[in-house]
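Structure file entry14.txt; described as compact mmCIF, C-alpha atoms.
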```
# COMPACT_ATOMS: atom_id res chain seq x y z
CA MET M 1 0.00 0.00 0.00
CA LYS M 2 1.42 3.34 -1.11
CA CYS M 3 0.73 6.46 0.93
CA MET M 4 1.21 10.19 0.85
CA ALA M 5 2.23 11.60 4.22
CA ASP M 6 3.09 14.93 5.73
CA LEU M 7 5.42 15.05 8.72
CA CYS M 8 6.12 17.85 11.19
CA VAL M 9 8.48 16.94 14.04
CA ILE M 10 8.83 19.10 17.15
CA PRO M 11 11.68 18.39 19.56
CA PHE M 12 11.15 19.55 23.16
CA ASN M 13 14.70 20.75 23.67
CA GLY M 14 14.22 24.41 24.42
CA ASN M 15 15.68 25.69 21.16
CA ILE M 16 13.67 28.43 19.50
CA SER M 17 14.96 27.48 16.06
CA VAL M 18 14.59 23.81 15.32
CA ALA M 19 16.11 23.97 11.81
CA ASP M 20 19.06 21.84 12.97
CA GLU M 21 16.74 19.05 14.09
CA ILE M 22 14.61 19.31 10.94
CA ALA M 23 17.76 19.08 8.81
CA GLN M 24 18.85 16.06 10.82
CA CYS M 25 15.45 14.41 10.21
CA HIS M 26 15.78 15.23 6.51
CA ARG M 27 19.10 13.36 6.38
CA VAL M 28 17.41 10.40 8.08
CA LEU M 29 14.48 10.46 5.65
CA GLN M 30 16.87 10.45 2.69
CA ARG M 31 18.14 7.02 3.74
CA PHE M 32 14.71 5.59 2.86
CA ASN M 33 13.15 4.87 -0.51
CA LEU M 34 10.81 7.82 -0.53
CA ASP M 35 9.94 10.93 -2.49
CA ILE M 36 10.61 13.80 -0.09
CA GLN M 37 9.57 17.42 -0.40
CA LEU M 38 10.27 19.93 2.34
CA HIS M 39 7.84 22.84 2.78
CA GLY M 40 7.40 25.67 5.24
CA TYR M 41 5.63 23.67 7.97
CA GLY M 42 6.65 20.06 7.40
CA THR M 43 7.75 17.56 4.81
CA ASN M 44 5.74 15.61 2.22
CA LEU M 45 6.66 11.94 1.96
CA TYR M 46 5.48 9.50 -0.69
CA GLY M 47 6.18 5.79 -0.84
CA GLU M 48 5.20 2.43 0.57
CA TRP M 49 3.32 2.70 3.90
CA ASP M 50 5.88 0.59 5.79
CA GLU M 51 8.78 2.59 4.38
CA VAL M 52 7.14 5.91 5.29
CA PHE M 53 6.50 4.89 8.89
CA ALA M 54 9.91 3.24 9.29
CA ALA M 55 11.36 6.58 8.21
CA ILE M 56 9.24 8.55 10.69
CA LYS M 57 10.22 6.17 13.49
CA ALA M 58 13.87 6.59 12.52
CA CYS M 59 13.52 10.38 12.89
CA HIS M 60 12.25 9.98 16.45
CA THR M 61 14.96 7.42 17.26
CA GLU M 62 17.72 9.61 15.81
CA LEU M 63 16.67 12.69 17.80
CA HIS M 64 16.32 10.67 21.02
CA ASP M 65 19.80 9.20 20.40
CA GLN M 66 21.11 12.77 20.24
CA GLY M 67 19.74 13.35 23.73
CA ILE M 68 16.39 14.96 22.99
CA VAL M 69 14.08 13.64 25.70
CA ARG M 70 10.68 14.36 24.20
CA ILE M 71 9.34 14.71 20.67
CA SER M 72 5.86 15.36 19.29
CA SER M 73 5.06 14.89 15.62
CA THR M 74 1.99 15.74 13.60
CA ILE M 75 1.43 13.44 10.64
CA LYS M 76 -1.17 13.38 7.90
CA VAL M 77 -1.37 10.21 5.87
CA GLY M 78 -3.54 9.48 2.86
CA THR M 79 -4.14 6.23 1.02
CA ARG M 80 -6.21 5.54 -2.08
CA THR M 81 -6.91 2.42 -4.07
CA ASP M 82 -7.82 4.01 -7.40
CA LYS M 83 -4.43 5.25 -8.56
CA ASP M 84 -0.89 6.24 -7.66
CA GLN M 85 -0.54 9.98 -7.26
CA THR M 86 2.84 11.53 -6.53
CA ILE M 87 3.47 14.70 -4.54
CA GLN M 88 3.90 16.67 -7.77
CA ASP M 89 0.76 15.11 -9.30
CA LYS M 90 -1.27 16.46 -6.40
CA VAL M 91 0.12 19.98 -6.71
CA ASP M 92 -0.30 19.89 -10.51
CA ALA M 93 -3.94 18.79 -10.22
CA VAL M 94 -4.74 21.94 -8.26
CA ASP M 95 -2.51 24.24 -10.31
CA ARG M 96 -4.19 23.05 -13.52
CA ARG M 97 -7.57 24.09 -12.17
CA LEU M 98 -6.21 27.44 -11.00
CA GLY M 99 -4.78 28.10 -14.45
CA GLU M 100 -8.06 27.46 -16.25
CA MET F 1 9.85 2.58 22.19
CA LYS F 2 6.46 3.43 23.67
CA CYS F 3 4.39 6.22 22.18
CA MET F 4 1.22 8.18 22.76
CA ALA F 5 -0.74 8.79 19.60
CA ASP F 6 -3.94 10.45 18.54
CA LEU F 7 -5.73 9.20 15.45
CA CYS F 8 -8.50 10.80 13.38
CA VAL F 9 -9.51 8.84 10.27
CA ILE F 10 -11.61 10.40 7.51
CA PRO F 11 -13.07 8.13 4.82
CA PHE F 12 -13.87 9.80 1.47
CA ASN F 13 -17.11 7.94 0.87
CA GLY F 14 -19.64 10.72 0.75
CA ASN F 15 -21.32 9.88 4.05
CA ILE F 16 -22.00 12.91 6.22
CA SER F 17 -21.87 10.82 9.39
CA VAL F 18 -18.77 8.68 9.60
CA ALA F 19 -19.63 7.09 12.96
CA ASP F 20 -19.97 3.67 11.27
CA GLU F 21 -16.44 3.87 9.92
CA ILE F 22 -15.06 5.18 13.24
CA ALA F 23 -16.74 2.31 15.08
CA GLN F 24 -15.26 -0.13 12.57
CA CYS F 25 -11.80 1.35 13.18
CA HIS F 26 -12.37 1.06 16.92
CA ARG F 27 -13.04 -2.67 16.54
CA VAL F 28 -9.82 -2.99 14.55
CA LEU F 29 -7.82 -1.07 17.16
CA GLN F 30 -9.13 -3.34 19.90
CA ARG F 31 -7.40 -6.32 18.27
CA PHE F 32 -4.06 -4.72 19.16
CA ASN F 33 -2.27 -4.49 22.48
CA LEU F 34 -3.03 -0.83 23.11
CA ASP F 35 -4.71 1.48 25.56
CA ILE F 36 -7.51 3.13 23.58
CA GLN F 37 -9.58 6.16 24.49
CA LEU F 38 -12.15 7.61 22.13
CA HIS F 39 -12.82 11.35 22.29
CA GLY F 40 -14.89 13.84 20.31
CA TYR F 41 -12.40 14.33 17.47
CA GLY F 42 -10.28 11.21 17.40
CA THR F 43 -8.88 8.40 19.51
CA ASN F 44 -5.93 8.34 21.91
CA LEU F 45 -3.69 5.30 21.56
CA TYR F 46 -0.88 4.27 23.88
CA GLY F 47 1.51 1.38 23.44
CA GLU F 48 4.61 0.24 21.61
CA TRP F 49 5.39 2.32 18.50
CA ASP F 50 5.22 -0.67 16.14
CA GLU F 51 1.92 -1.84 17.62
CA VAL F 52 0.38 1.64 17.35
CA PHE F 53 1.33 2.02 13.69
CA ALA F 54 0.36 -1.55 12.79
CA ALA F 55 -3.06 -0.73 14.27
CA ILE F 56 -3.36 2.49 12.28
CA LYS F 57 -2.36 0.68 9.07
CA ALA F 58 -4.97 -2.01 9.85
CA CYS F 59 -7.65 0.70 10.07
CA HIS F 60 -6.77 1.94 6.58
CA THR F 61 -6.63 -1.61 5.20
CA GLU F 62 -9.97 -2.55 6.77
CA LEU F 63 -11.78 0.47 5.35
CA HIS F 64 -10.25 -0.04 1.89
CA ASP F 65 -11.31 -3.72 2.04
CA GLN F 66 -14.86 -2.49 2.63
CA GLY F 67 -14.68 -0.57 -0.61
CA ILE F 68 -13.70 2.89 0.59
CA VAL F 69 -11.40 4.24 -2.12
CA ARG F 70 -9.67 7.06 -0.30
CA ILE F 71 -8.83 7.79 3.34
CA SER F 72 -6.98 10.65 5.04
CA SER F 73 -5.86 10.41 8.66
CA THR F 74 -4.39 12.99 10.97
CA ILE F 75 -2.07 11.53 13.59
CA LYS F 76 -0.18 13.07 16.46
CA VAL F 77 2.52 10.93 18.01
CA GLY F 78 4.68 11.66 21.03
CA THR F 79 7.68 9.81 22.39
CA ARG F 80 9.75 10.49 25.49
CA THR F 81 12.71 8.77 27.03
CA ASP F 82 12.31 9.97 30.62
CA LYS F 83 9.27 7.98 31.73
CA ASP F 84 6.18 6.03 30.75
CA GLN F 85 3.07 8.17 30.87
CA THR F 86 -0.34 6.69 30.15
CA ILE F 87 -3.29 8.49 28.61
CA GLN F 88 -4.85 8.91 32.05
CA ASP F 89 -1.54 10.10 33.56
CA LYS F 90 -1.47 12.93 31.04
CA VAL F 91 -5.04 14.02 31.77
CA ASP F 92 -4.44 13.73 35.55
CA ALA F 93 -1.28 15.86 35.35
CA VAL F 94 -3.30 18.75 33.94
CA ASP F 95 -6.36 18.18 36.16
CA ARG F 96 -4.15 18.23 39.25
CA ARG F 97 -2.85 21.68 38.30
CA LEU F 98 -6.37 22.91 37.56
CA GLY F 99 -7.55 21.73 40.97
CA GLU F 100 -4.83 23.54 42.84
CA MET A 1 -21.35 28.88 12.23
CA LYS A 2 -20.74 26.34 14.97
CA CYS A 3 -17.64 24.18 14.91
CA MET A 4 -16.02 21.28 16.67
CA ALA A 5 -12.31 21.73 17.18
CA ASP A 6 -9.42 19.88 18.70
CA LEU A 7 -6.46 21.85 20.02
CA CYS A 8 -2.97 20.71 20.97
CA VAL A 9 -0.57 23.49 21.98
CA ILE A 10 3.19 22.94 22.21
CA PRO A 11 5.32 25.63 23.86
CA PHE A 12 8.99 25.71 22.82
CA ASN A 13 10.34 26.44 26.27
CA GLY A 14 12.54 23.44 26.92
CA ASN A 15 10.32 21.90 29.58
CA ILE A 16 9.84 18.16 29.19
CA SER A 17 6.47 18.29 30.95
CA VAL A 18 4.16 20.91 29.53
CA ALA A 19 1.25 20.20 31.91
CA ASP A 20 1.67 23.67 33.48
CA GLU A 21 1.23 25.35 30.11
CA ILE A 22 -1.70 23.10 29.16
CA ALA A 23 -3.41 23.91 32.47
CA GLN A 24 -2.80 27.60 31.81
CA CYS A 25 -4.40 27.27 28.38
CA HIS A 26 -7.32 25.42 29.96
CA ARG A 27 -7.92 28.37 32.29
CA VAL A 28 -7.85 30.71 29.28
CA LEU A 29 -10.31 28.51 27.34
CA GLN A 30 -12.71 28.51 30.28
CA ARG A 31 -13.13 32.27 29.92
CA PHE A 32 -14.89 31.65 26.59
CA ASN A 33 -18.38 30.39 25.86
CA LEU A 34 -17.34 26.90 24.81
CA ASP A 35 -17.83 23.26 25.66
CA ILE A 36 -14.36 22.03 26.62
CA GLN A 37 -13.18 18.46 27.06
CA LEU A 38 -9.56 17.65 27.84
CA HIS A 39 -8.16 14.34 26.55
CA GLY A 40 -4.77 12.67 26.50
CA TYR A 41 -3.39 14.52 23.46
CA GLY A 42 -5.35 17.74 23.25
CA THR A 43 -8.64 19.40 24.05
CA ASN A 44 -12.00 19.22 22.28
CA LEU A 45 -13.74 22.57 21.87
CA TYR A 46 -17.28 23.15 20.68
CA GLY A 47 -18.97 26.47 20.03
CA GLU A 48 -19.26 29.32 17.57
CA TRP A 49 -16.36 29.47 15.09
CA ASP A 50 -15.32 33.00 16.11
CA GLU A 51 -15.41 32.11 19.80
CA VAL A 52 -13.33 28.96 19.26
CA PHE A 53 -10.62 30.81 17.35
CA ALA A 54 -10.62 33.79 19.70
CA ALA A 55 -9.99 31.27 22.49
CA ILE A 56 -7.15 29.59 20.61
CA LYS A 57 -5.56 32.97 19.87
CA ALA A 58 -5.89 33.87 23.57
CA CYS A 59 -3.95 30.71 24.49
CA HIS A 60 -1.06 31.76 22.23
CA THR A 61 -1.17 35.34 23.54
CA GLU A 62 -1.24 34.20 27.17
CA LEU A 63 1.77 31.90 26.79
CA HIS A 64 3.74 34.56 24.89
CA ASP A 65 2.88 37.06 27.64
CA GLN A 66 4.43 34.63 30.13
CA GLY A 67 7.65 34.78 28.16
CA ILE A 68 7.36 31.73 25.93
CA VAL A 69 8.99 32.78 22.67
CA ARG A 70 7.63 30.16 20.28
CA ILE A 71 4.48 28.04 20.17
CA SER A 72 3.17 25.52 17.64
CA SER A 73 -0.40 24.25 17.77
CA THR A 74 -2.13 21.51 15.87
CA ILE A 75 -5.84 22.13 15.35
CA LYS A 76 -8.57 20.08 13.74
CA VAL A 77 -11.80 21.91 13.00
CA GLY A 78 -15.03 20.52 11.62
CA THR A 79 -18.14 22.29 10.43
CA ARG A 80 -21.42 20.88 9.17
CA THR A 81 -24.62 22.46 8.01
CA ASP A 82 -27.00 19.55 8.64
CA LYS A 83 -27.18 19.60 12.44
CA ASP A 84 -25.60 20.62 15.71
CA GLN A 85 -23.59 17.83 17.23
CA THR A 86 -21.91 18.25 20.61
CA ILE A 87 -18.67 16.60 21.75
CA GLN A 88 -20.68 14.02 23.70
CA ASP A 89 -23.04 13.41 20.76
CA LYS A 90 -20.07 12.43 18.63
CA VAL A 91 -18.67 10.00 21.22
CA ASP A 92 -22.16 8.55 21.84
CA ALA A 93 -22.75 7.99 18.12
CA VAL A 94 -19.70 5.72 17.97
CA ASP A 95 -20.32 4.05 21.35
CA ARG A 96 -23.88 3.18 20.28
CA ARG A 97 -22.55 1.34 17.24
CA LEU A 98 -19.91 -0.44 19.33
CA GLY A 99 -22.59 -1.59 21.79
CA GLU A 100 -24.81 -3.09 19.11
CA MET O 1 0.61 38.85 15.91
CA LYS O 2 1.97 37.20 12.77
CA CYS O 3 1.64 33.46 12.31
CA MET O 4 2.71 30.67 10.02
CA ALA O 5 -0.06 28.19 9.35
CA ASP O 6 -0.60 25.05 7.36
CA LEU O 7 -4.10 24.22 6.15
CA CYS O 8 -5.53 20.98 4.80
CA VAL O 9 -9.26 21.06 4.06
CA ILE O 10 -11.28 17.88 3.48
CA PRO O 11 -14.82 18.18 2.09
CA PHE O 12 -17.16 15.27 2.88
CA ASN O 13 -18.82 15.22 -0.53
CA GLY O 14 -17.99 11.75 -1.78
CA ASN O 15 -15.57 12.87 -4.48
CA ILE O 16 -12.38 10.84 -4.61
CA SER O 17 -10.46 13.74 -6.08
CA VAL O 18 -10.86 16.95 -4.12
CA ALA O 19 -8.63 19.06 -6.35
CA ASP O 20 -11.65 21.16 -7.42
CA GLU O 21 -12.42 22.06 -3.82
CA ILE O 22 -8.74 22.74 -3.02
CA ALA O 23 -8.52 25.02 -6.05
CA GLN O 24 -11.67 26.79 -4.91
CA CYS O 25 -10.14 27.31 -1.44
CA HIS O 26 -6.98 28.61 -3.07
CA ARG O 27 -9.00 31.26 -4.90
CA VAL O 28 -10.61 32.23 -1.58
CA LEU O 29 -7.23 32.43 0.19
CA GLN O 30 -5.88 34.72 -2.54
CA ARG O 31 -8.46 37.34 -1.60
CA PHE O 32 -6.64 37.80 1.71
CA ASN O 33 -3.39 39.56 2.50
CA LEU O 34 -1.32 36.43 2.95
CA ASP O 35 1.71 34.63 1.59
CA ILE O 36 0.37 31.36 0.22
CA GLN O 37 2.30 28.28 -0.84
CA LEU O 38 0.55 25.12 -1.96
CA HIS O 39 2.26 21.78 -1.29
CA GLY O 40 1.36 18.13 -1.74
CA TYR O 41 -0.72 17.80 1.44
CA GLY O 42 -1.93 21.28 2.26
CA THR O 43 -1.13 24.95 1.95
CA ASN O 44 1.28 27.13 3.91
CA LEU O 45 -0.12 30.50 4.95
CA TYR O 46 1.80 33.40 6.45
CA GLY O 47 0.38 36.67 7.70
CA GLU O 48 -1.44 38.33 10.56
CA TRP O 49 -3.24 35.83 12.84
CA ASP O 50 -6.66 37.41 12.30
CA GLU O 51 -6.18 37.47 8.51
CA VAL O 52 -5.07 33.82 8.44
CA PHE O 53 -8.09 32.64 10.41
CA ALA O 54 -10.54 34.85 8.53
CA ALA O 55 -9.21 33.21 5.36
CA ILE O 56 -9.62 29.70 6.76
CA LYS O 57 -13.17 30.50 7.87
CA ALA O 58 -13.91 31.87 4.39
CA CYS O 59 -12.80 28.54 2.87
CA HIS O 60 -15.30 26.66 5.06
CA THR O 61 -18.05 29.18 4.31
CA GLU O 62 -17.39 29.07 0.55
CA LEU O 63 -17.54 25.27 0.39
CA HIS O 64 -20.70 25.14 2.52
CA ASP O 65 -22.26 27.78 0.24
CA GLN O 66 -21.56 25.44 -2.68
CA GLY O 67 -23.62 22.77 -0.96
CA ILE O 68 -20.94 20.75 0.81
CA VAL O 69 -22.54 19.69 4.09
CA ARG O 70 -19.51 18.73 6.14
CA ILE O 71 -15.85 19.78 6.16
CA SER O 72 -12.91 18.83 8.35
CA SER O 73 -9.67 20.78 8.30
CA THR O 74 -6.33 20.09 9.89
CA ILE O 75 -4.39 23.24 10.75
CA LYS O 76 -0.96 23.80 12.21
CA VAL O 77 -0.22 27.29 13.45
CA GLY O 78 3.00 28.67 14.82
CA THR O 79 3.73 32.00 16.47
CA ARG O 80 7.01 33.43 17.71
CA THR O 81 7.93 36.69 19.36
CA ASP O 82 11.63 36.77 18.45
CA LYS O 83 11.43 37.49 14.72
CA ASP O 84 9.40 37.41 11.53
CA GLN O 85 10.14 34.35 9.47
CA THR O 86 8.50 33.84 6.10
CA ILE O 87 7.61 30.51 4.50
CA GLN O 88 10.73 30.68 2.32
CA ASP O 89 12.92 31.69 5.30
CA LYS O 90 11.90 28.47 7.05
CA VAL O 91 12.68 26.28 4.04
CA ASP O 92 15.97 28.11 3.44
CA ALA O 93 17.04 27.67 7.08
CA VAL O 94 16.84 23.89 6.68
CA ASP O 95 18.26 23.82 3.14
CA ARG O 96 21.28 25.83 4.28
CA ARG O 97 22.05 23.22 6.92
CA LEU O 98 21.58 20.40 4.41
CA GLY O 99 23.98 22.08 2.01
CA GLU O 100 26.75 22.48 4.56
```
Give the structure from this file in structure tokens form.
Amino acid sequence: MKCMADLCVIPFNGNISVADEIAQCHRVLQRFNLDIQLHGYGTNLYGEWDEVFAAIKACHTELHDQGIVRISSTIKVGTRTDKDQTIQDKVDAVDRRLGE
Amino acid sequence: MKCMADLCVIPFNGNISVADEIAQCHRVLQRFNLDIQLHGYGTNLYGEWDEVFAAIKACHTELHDQGIVRISSTIKVGTRTDKDQTIQDKVDAVDRRLGE
Amino acid sequence: MKCMADLCVIPFNGNISVADEIAQCHRVLQRFNLDIQLHGYGTNLYGEWDEVFAAIKACHTELHDQGIVRISSTIKVGTRTDKDQTIQDKVDAVDRRLGE
Amino acid sequence: MKCMADLCVIPFNGNISVADEIAQCHRVLQRFNLDIQLHGYGTNLYGEWDEVFAAIKACHTELHDQGIVRISSTIKVGTRTDKDQTIQDKVDAVDRRLGE
């Protein structure tokens, strides 16, 4: 089962900027077989369900291993049985309508 | 790794009430080794990370098997390395402060 | 327009437990004309749209006023034009199906 | 108070593709004084808190006016008192670290 997901990880480490931790998660995500697209409030992920959630778990594990005691993530995940639709397909489908 | 999660599943099947689908997910979740607490906009889940996400995947699979073509879920997931904290512990920690 | 919402506020202040801040938000929410129900990963809110979002804004303002520099909240919000449905109505609708 | 938000609107109208409704929301959002950036699982919004939430309310109102009976949105919203940070600033802050 393929899925489209959106991941936003928040480390409870007292830093105001968490760009270091997001970059670290991005490096973790890149070790998996996923399409990845960073945006301003999270990261789109597209791939097999098990791969997506193994990647998200690896982000939590990596940050805990660095000493971060608590993490809270918000995830959206969508599945559909009618067709594969990549991250770019979804954006294009809306853009096409906006251009009409 | 234990985690606390919150799951809200939305089936794209055109029903205005989705209580049937939520009840069906609840029955699926109960097959897993999790603490489960339904609330007004989702369900709290507490247990091992892999068990929680196997349960969430099983909800998607179950609804697709029933013919629902598309599903979107919103999930929050929290992990911490300092202590175990159950669903009720978290509610009690806030209630205690409110009672002071 | 009435709405059902779910609010989860995360202060970036370096505390591992955020129960103090959640309790503070709860006190803020209680100043508004809303049904409020705390759960293990957030708070259900039910009332007029403008009241709900004034309350959520007041939570952010209150925590910033206390010196918290950054806050991230996850919100779900649902609206429907067919009927009013309270927090308890929604839980009951699922429980009824589970009891059948 | 400025905020960064992320909006994902789901209409309960039985359509498998909701690109029409997302495009319609996009047109509504463009009537407001906001930075807007569509991505694969939602839309980033940046601007004044009241403007952001007026825009989100207008999306719900617009879709209801078109006859959609029920809508559920997932929103993330972040505020910070230390500095303004645009959508692109946030992406650049992570990209810079990834490029190092």
Cut-off 9 Å: closest chain M/stretch 5-16 of chain O atom pairs per residue, using only C-alpha atoms, as CSV:
```
residue,atom,partner,partner_atom,distance
M:Gly40,CA,O:Asp6,CA,8.3
M:Tyr41,CA,O:Asp6,CA,6.4
M:Gly42,CA,O:Asp6,CA,8.8
M:Arg80,CA,O:Ile16,CA,8.5
M:Asp82,CA,O:Ile16,CA,8.7
```
Considering all atoms listed in the file, tabulate each residue of chain O that lies at most 9 Å from chain A along with its nearest interatomic pair and the corresponding distance in Å to one decimal; arrange the rows by chain and ascending residue number and present them as a tab-separated table.
```
residue	atom	partner	partner_atom	distance
O:Met1	CA	A:Thr61	CA	8.6
O:Trp49	CA	A:Lys57	CA	7.9
O:Asp50	CA	A:Lys57	CA	8.8
O:Phe53	CA	A:Phe53	CA	7.6
O:Lys57	CA	A:Trp49	CA	8.0
O:His60	CA	A:Thr79	CA	7.5
O:Thr61	CA	A:Met1	CA	8.6
O:His64	CA	A:Thr81	CA	7.3
O:Ile68	CA	A:Thr81	CA	8.3
O:Val69	CA	A:Thr81	CA	5.2
O:Arg70	CA	A:Arg80	CA	4.2
O:Ile71	CA	A:Thr79	CA	5.5
O:Ser72	CA	A:Gly78	CA	4.2
O:Ser73	CA	A:Val77	CA	5.3
O:Thr74	CA	A:Lys76	CA	4.5
O:Ile75	CA	A:Ile75	CA	4.9
O:Lys76	CA	A:Thr74	CA	4.5
O:Val77	CA	A:Ser73	CA	5.3
O:Gly78	CA	A:Ser72	CA	4.2
O:Thr79	CA	A:Ile71	CA	5.5
O:Arg80	CA	A:Arg70	CA	4.2
O:Thr81	CA	A:Val69	CA	5.2
O:Asp82	CA	A:Val69	CA	6.4
```
Fill in: Distance of atom CA of O:Ala55 from atom CA of O:Ala23, expressed in Å to one decimal place
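Atom-to-atom, atom CA of O:Ala23 and atom CA of O:Ala55 are spaced 14.1 Å apart.
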Discussion item. Can you pull out the residues contacting A:Arg96? Cut-off 10 Å, using all atoms listed in the file, and skip same-chain residues under 5 positions away; I want them as a VMD selection string.
Written reply: (chain F and resid 19 to 20 23) or (chain A and resid 91)
Worksheet item: When you draw a straight line from atom CA of A:Lys2 to atom CA of A:Tyr46, how long is it in Å?
Response: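 The value is 7.4 Å.
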Worksheet entry | Between atom CA of O:Cys59 and atom CA of A:Asp92, distance in Å (one decimal) |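 Going from atom CA of O:Cys59 over to atom CA of A:Asp92, I get 29.1 Å.
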Up to 9 Å from (-9.2, 23.0, -4.5) in the file's coordinates: name the residues, counting all atoms listed in the file, as a PDB file with C-alpha atoms, keeping the file's coordinate frame.
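Output file point.pdb is given in full below:
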```
ATOM      1  CA  ALA M  93      -3.940  18.790 -10.220  1.00  0.00           C
ATOM      2  CA  VAL M  94      -4.740  21.940  -8.260  1.00  0.00           C
ATOM      3  CA  ASP M  95      -2.510  24.240 -10.310  1.00  0.00           C
ATOM      4  CA  ARG M  97      -7.570  24.090 -12.170  1.00  0.00           C
ATOM      5  CA  LEU M  98      -6.210  27.440 -11.000  1.00  0.00           C
TER       6      LEU M  98
ATOM      7  CA  VAL O   9      -9.260  21.060   4.060  1.00  0.00           C
ATOM      8  CA  VAL O  18     -10.860  16.950  -4.120  1.00  0.00           C
ATOM      9  CA  ALA O  19      -8.630  19.060  -6.350  1.00  0.00           C
ATOM     10  CA  ASP O  20     -11.650  21.160  -7.420  1.00  0.00           C
ATOM     11  CA  GLU O  21     -12.420  22.060  -3.820  1.00  0.00           C
ATOM     12  CA  ILE O  22      -8.740  22.740  -3.020  1.00  0.00           C
ATOM     13  CA  ALA O  23      -8.520  25.020  -6.050  1.00  0.00           C
ATOM     14  CA  GLN O  24     -11.670  26.790  -4.910  1.00  0.00           C
ATOM     15  CA  CYS O  25     -10.140  27.310  -1.440  1.00  0.00           C
ATOM     16  CA  HIS O  26      -6.980  28.610  -3.070  1.00  0.00           C
ATOM     17  CA  ARG O  27      -9.000  31.260  -4.900  1.00  0.00           C
TER      18      ARG O  27
END
```
Practice prompt. Write out as a PyMOL selection string which residues come within 10 Å of O:Gln88 when counting all atoms listed in the file, dropping same-chain ones fewer than 6 positions away.
Written response: (chain M and resi 39-40) or (chain O and resi 35+37)
Practice prompt. Please provide the set of residues having any atom within 9 Å of F:Leu34, restricted to only C-alpha atoms, with same-chain residues fewer than 6 positions apart removed, written as a PyMOL selection string.
Written response: chain F and resi 45-48+51-52+55
Save the residues we just selected, C-alpha atoms, as a PDB file, in the frame of the given file?
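Generated file (again.pdb):
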```
ATOM      1  CA  LEU F  45      -3.690   5.300  21.560  1.00  0.00           C
ATOM      2  CA  TYR F  46      -0.880   4.270  23.880  1.00  0.00           C
ATOM      3  CA  GLY F  47       1.510   1.380  23.440  1.00  0.00           C
ATOM      4  CA  GLU F  48       4.610   0.240  21.610  1.00  0.00           C
ATOM      5  CA  GLU F  51       1.920  -1.840  17.620  1.00  0.00           C
ATOM      6  CA  VAL F  52       0.380   1.640  17.350  1.00  0.00           C
ATOM      7  CA  ALA F  55      -3.060  -0.730  14.270  1.00  0.00           C
TER       8      ALA F  55
END
```
